[in-house]
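Student: The following block contains the structure, expressed as structure tokens.
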Amino acid sequence: MARLVHALADDNQVRLLVNGSEALESARLAVGESAELLPAKYGDIWLRDTGPVFAQAPEGPIALRFRTNGWGGKFELPDDATVGDEISEYAGRPIRRYDFVLEGGAVDHDGKGTFLTTRQTLLHPNRNGWSKDEAESALRQAMAARKVIWIDEGLKNDHTDGHIDNIARFVGEGRVVCQAPSGSEDPNGKTLDAIARVLERETDADGRALDVVRVPGTGRYVDRAGDVAPASYMNFVIANGIVVVPVYGTATQDSAIEVLADVFADRRVVGIPSRGLLGGGGAGGGSFHCITQQEPDT
């Protein structure tokens with residue numbers, strides 16, 4: 001996490017939440033002056049899902065706040081339901097609340113009304129019990145979605161029930177990246193090919209065919225508990241001047257960085273180890289996109 005902060009700090013203002021005095025001292029030692037340290041109470045580090053989504057409304061910048069239920073009741077922790085309000089207050093953004101469960105990592109969009117998501121997450125009965133039409137209506141109401149592209153499922157053993165930010169991401173208008181299988185033992189091989197097939201036949205909200213770029217996947221990655229883990233290069237952070245990509249010491253990480261460097265020709269693309277964030281066993285799992293939330297200047 002400290003390496004992520006230092007990488008972002010060159011061209012970005014970084015704010016780091018700290019929960020308690022011990023965390024504060026640890027953060028001071030780890031990141032120095034590279035981040036503004038802000039006290040806050042939270043249960044876990046996945047601020048993409050528990051924090052606000054910053055948006056632009058006719059009246060100005062706002063913070064969208066949705067309900068959280070511990071990823072379908074799996075990880076309900078103290079203060080995860082309220083940390084989004086603290087972040088919104090630090091940002092000075094008025095809050096607009098919606099009375100349904102939505103995690104930030106469950107959707108991705110191009111900024112022009114085209115959204116990506118998975119049926120496995122958004123239509124799961126452990127969230128809202130939505131039908132497809134109900135989910136699309138909620139995204140139109142809250143986030144001005146004009147078209148929703150549905151992918152069936154995410155990676156194996158993903159505790160989020162298949163968040164989109166681990167499998168496919170918009171990298172520009174009409175352009176999407178997703179992973180390709182790596183090796184015959186890739187446990188997600190069929191899933192990754194199915195994701196690409198869906199994207200390759202889709203159009204954006206304006207009717208343009210998507211340009212799909214495939215990035216070498218991580219292949220079979222086993223965590224310290226001995227389980228196949230949902231390691232993914234797709235959980236990158238796009239920031240001013242830089243894209244930070246999680247890497248795991250796998251054989252494909254250099255080639256994945258090369259492809260993403262071509263995609264993000266206007267930014268530095270760096271790989272930073274993320275094995276600790278991925279955890280093991282019942283520790284959950286995610287990476288840099290999952291623990292951050294961008295706050296646009298306007």
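If you're wondering about the labels, chains in the structure tokens are A, B, ... by order shown, residues count from 1 in each chain, ligands from 1 in order shown.
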Using DSSP on the backbone coordinates, identify the residues of stretch 80-116 of chain A assigned to alpha helix (DSSP H); present them as a PyMOL selection string.
Tutor: chain A and resi 83-91
Student: Give me, as a list in words, all polymer residues having an atom no more than 12 Å from A:Glu36, counting only C-alpha atoms and skipping those fewer than 3 positions away in the same chain.
Tutor: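 Those residues are Val5, His6, Ala9, Asn12, Gln13, Val14, Arg15, Leu16, Leu17, Val18, Leu24, Ala27, Arg28, Val31, Gly32, Glu33, Pro39 and Tyr90 of chain A.
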Student: Excluding A:Ala40 and any residue of its chain fewer than 5 positions from it, enumerate the residues within 12 Å of it, using only C-alpha atoms, and give them as JSON, numbers by chain.
Tutor: {"A": [15, 16, 17, 18, 19, 20, 21, 23, 24, 45, 47, 51, 79, 80, 82, 83, 84, 85, 86, 87, 88, 89, 90]}
Student: The selected residues should be written to file as an mmCIF file, in the first residue's frame (atoms: C-alpha atoms).
Tutor:
data_model
loop_
_atom_site.group_PDB
_atom_site.id
_atom_site.type_symbol
_atom_site.label_atom_id
_atom_site.label_comp_id
_atom_site.auth_asym_id
_atom_site.auth_seq_id
_atom_site.Cartn_x
_atom_site.Cartn_y
_atom_site.Cartn_z
ATOM 1 C CA ARG A 15 -5.442 11.152 1.085
ATOM 2 C CA LEU A 16 -4.962 8.084 3.260
ATOM 3 C CA LEU A 17 -7.519 7.074 5.865
ATOM 4 C CA VAL A 18 -6.139 5.835 9.188
ATOM 5 C CA ASN A 19 -8.198 4.061 11.833
ATOM 6 C CA GLY A 20 -6.749 4.728 15.286
ATOM 7 C CA SER A 21 -3.430 5.905 16.732
ATOM 8 C CA ALA A 23 -2.515 3.030 12.208
ATOM 9 C CA LEU A 24 -1.610 6.710 12.213
ATOM 10 C CA ILE A 45 -9.936 -1.330 3.361
ATOM 11 C CA LEU A 47 -13.186 1.861 -0.107
ATOM 12 C CA GLY A 51 -16.970 4.747 0.052
ATOM 13 C CA ASP A 79 -18.205 1.358 10.400
ATOM 14 C CA ASP A 80 -18.159 0.101 6.808
ATOM 15 C CA THR A 82 -20.645 4.975 7.581
ATOM 16 C CA VAL A 83 -17.099 5.544 6.292
ATOM 17 C CA GLY A 84 -18.526 6.810 3.013
ATOM 18 C CA ASP A 85 -20.115 9.718 4.856
ATOM 19 C CA GLU A 86 -16.761 10.608 6.442
ATOM 20 C CA ILE A 87 -15.047 10.582 3.054
ATOM 21 C CA SER A 88 -17.800 12.775 1.573
ATOM 22 C CA GLU A 89 -17.388 15.260 4.408
ATOM 23 C CA TYR A 90 -13.604 15.390 3.936
#
Student: What's the 10 Å shell around A:Asp158, counting only C-alpha atoms, without same-chain residues fewer than 3 positions away, as a PyMOL selection string?
Tutor: chain A and resi 154-155+161-163+166+228-231+284-286
Student: Find the residues near stretch 256-272 of chain A: any atom within 10 Å, counting only C-alpha atoms, skip ones fewer than 6 places away on the same chain, and give them as number ranges by chain.
Tutor: A: 1, 3-4, 7, 171-172, 175-177, 179, 213-218, 233-234, 236-249, 288
Student: Could you pull out the strand (DSSP E) residues of stretch 96-166 of chain A, going by DSSP on the backbone, and write them as a list in words?
Tutor: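 Checking each residue of stretch 96-166 of chain A, the strand (DSSP E) ones are Arg96, Arg97, Tyr98, Asp99, Phe100, Val101, Asp108, His109, Thr114, Phe115, Leu116, Thr117, Thr118, Lys147, Val148, Ile149, Trp150 and Ile151 of chain A.
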Student: Can you pull out every residue within 7 Å of stretch 199-207 of chain A, counting only C-alpha atoms, but drop anything in the same chain fewer than 6 positions away, and send it as an mmCIF file with N, CA and C atoms, in the first residue's frame?
Tutor:
data_model
loop_
_atom_site.group_PDB
_atom_site.id
_atom_site.type_symbol
_atom_site.label_atom_id
_atom_site.label_comp_id
_atom_site.auth_asym_id
_atom_site.auth_seq_id
_atom_site.Cartn_x
_atom_site.Cartn_y
_atom_site.Cartn_z
ATOM 1 N N GLY A 113 -22.204 7.107 -20.375
ATOM 2 C CA GLY A 113 -23.471 6.404 -20.195
ATOM 3 C C GLY A 113 -23.470 4.929 -20.484
ATOM 4 N N THR A 114 -22.325 4.355 -20.893
ATOM 5 C CA THR A 114 -22.239 2.915 -21.129
ATOM 6 C C THR A 114 -21.625 2.249 -19.898
ATOM 7 N N ARG A 146 -27.098 4.912 -19.785
ATOM 8 C CA ARG A 146 -27.908 4.845 -20.998
ATOM 9 C C ARG A 146 -27.940 3.444 -21.580
ATOM 10 N N LYS A 147 -26.876 2.674 -21.336
ATOM 11 C CA LYS A 147 -26.836 1.283 -21.768
ATOM 12 C C LYS A 147 -26.022 0.480 -20.772
ATOM 13 N N GLY A 174 -15.585 3.743 -25.919
ATOM 14 C CA GLY A 174 -15.681 2.628 -26.849
ATOM 15 C C GLY A 174 -14.549 1.634 -26.779
#
Student: To one decimal in Å, tell me the separation between atom CA of A:Pro296 and atom CA of A:Tyr42.
Tutor: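 About the pair atom CA of A:Pro296 and atom CA of A:Tyr42: they are 22.6 Å apart.
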Student: What's the 7 Å shell around A:Pro61, counting only C-alpha atoms, without same-chain residues fewer than 4 positions away, as a list of chain:residue names?
Tutor: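 My list of contacting residues is A:Ala55, A:Gln56, A:Ala57, A:Arg93, A:Thr298.
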Student: Of the candidates A:Ile149, A:Val198, A:His159, A:Ala251, which shows the shortest atom-to-atom distance to A:Leu278, using only C-alpha atoms?
Tutor: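 Closest residue, counting only C-alpha atoms: A:His159.
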Student: For each of A:Lys132, A:Arg220, A:Arg48, A:His289, take the minimum atom-to-atom distance to A:Pro181, counting only C-alpha atoms, then give the residue where this is smallest.
Tutor: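 Closest candidate: A:Arg220.
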Student: Between atom CA of A:Asp11 and atom CA of A:Gln293, what is the distance, to one decimal in Å?
Tutor: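 Separation between atom CA of A:Asp11 and atom CA of A:Gln293: 15.7 Å.
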Student: Ranking A:Asp99, A:Arg224, A:His109, A:Leu37 by minimum distance to A:Gln141 and counting only C-alpha atoms, which one comes first?
Tutor: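 Of all the options, A:Asp99 lies closest to A:Gln141.
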Student: I'd like to know which of A:Ile167, A:Val53, A:Ala144, A:Ala30 is closest to A:Glu103, using only C-alpha atoms.
Tutor: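 Under the stated criterion, the closest residue is A:Val53.
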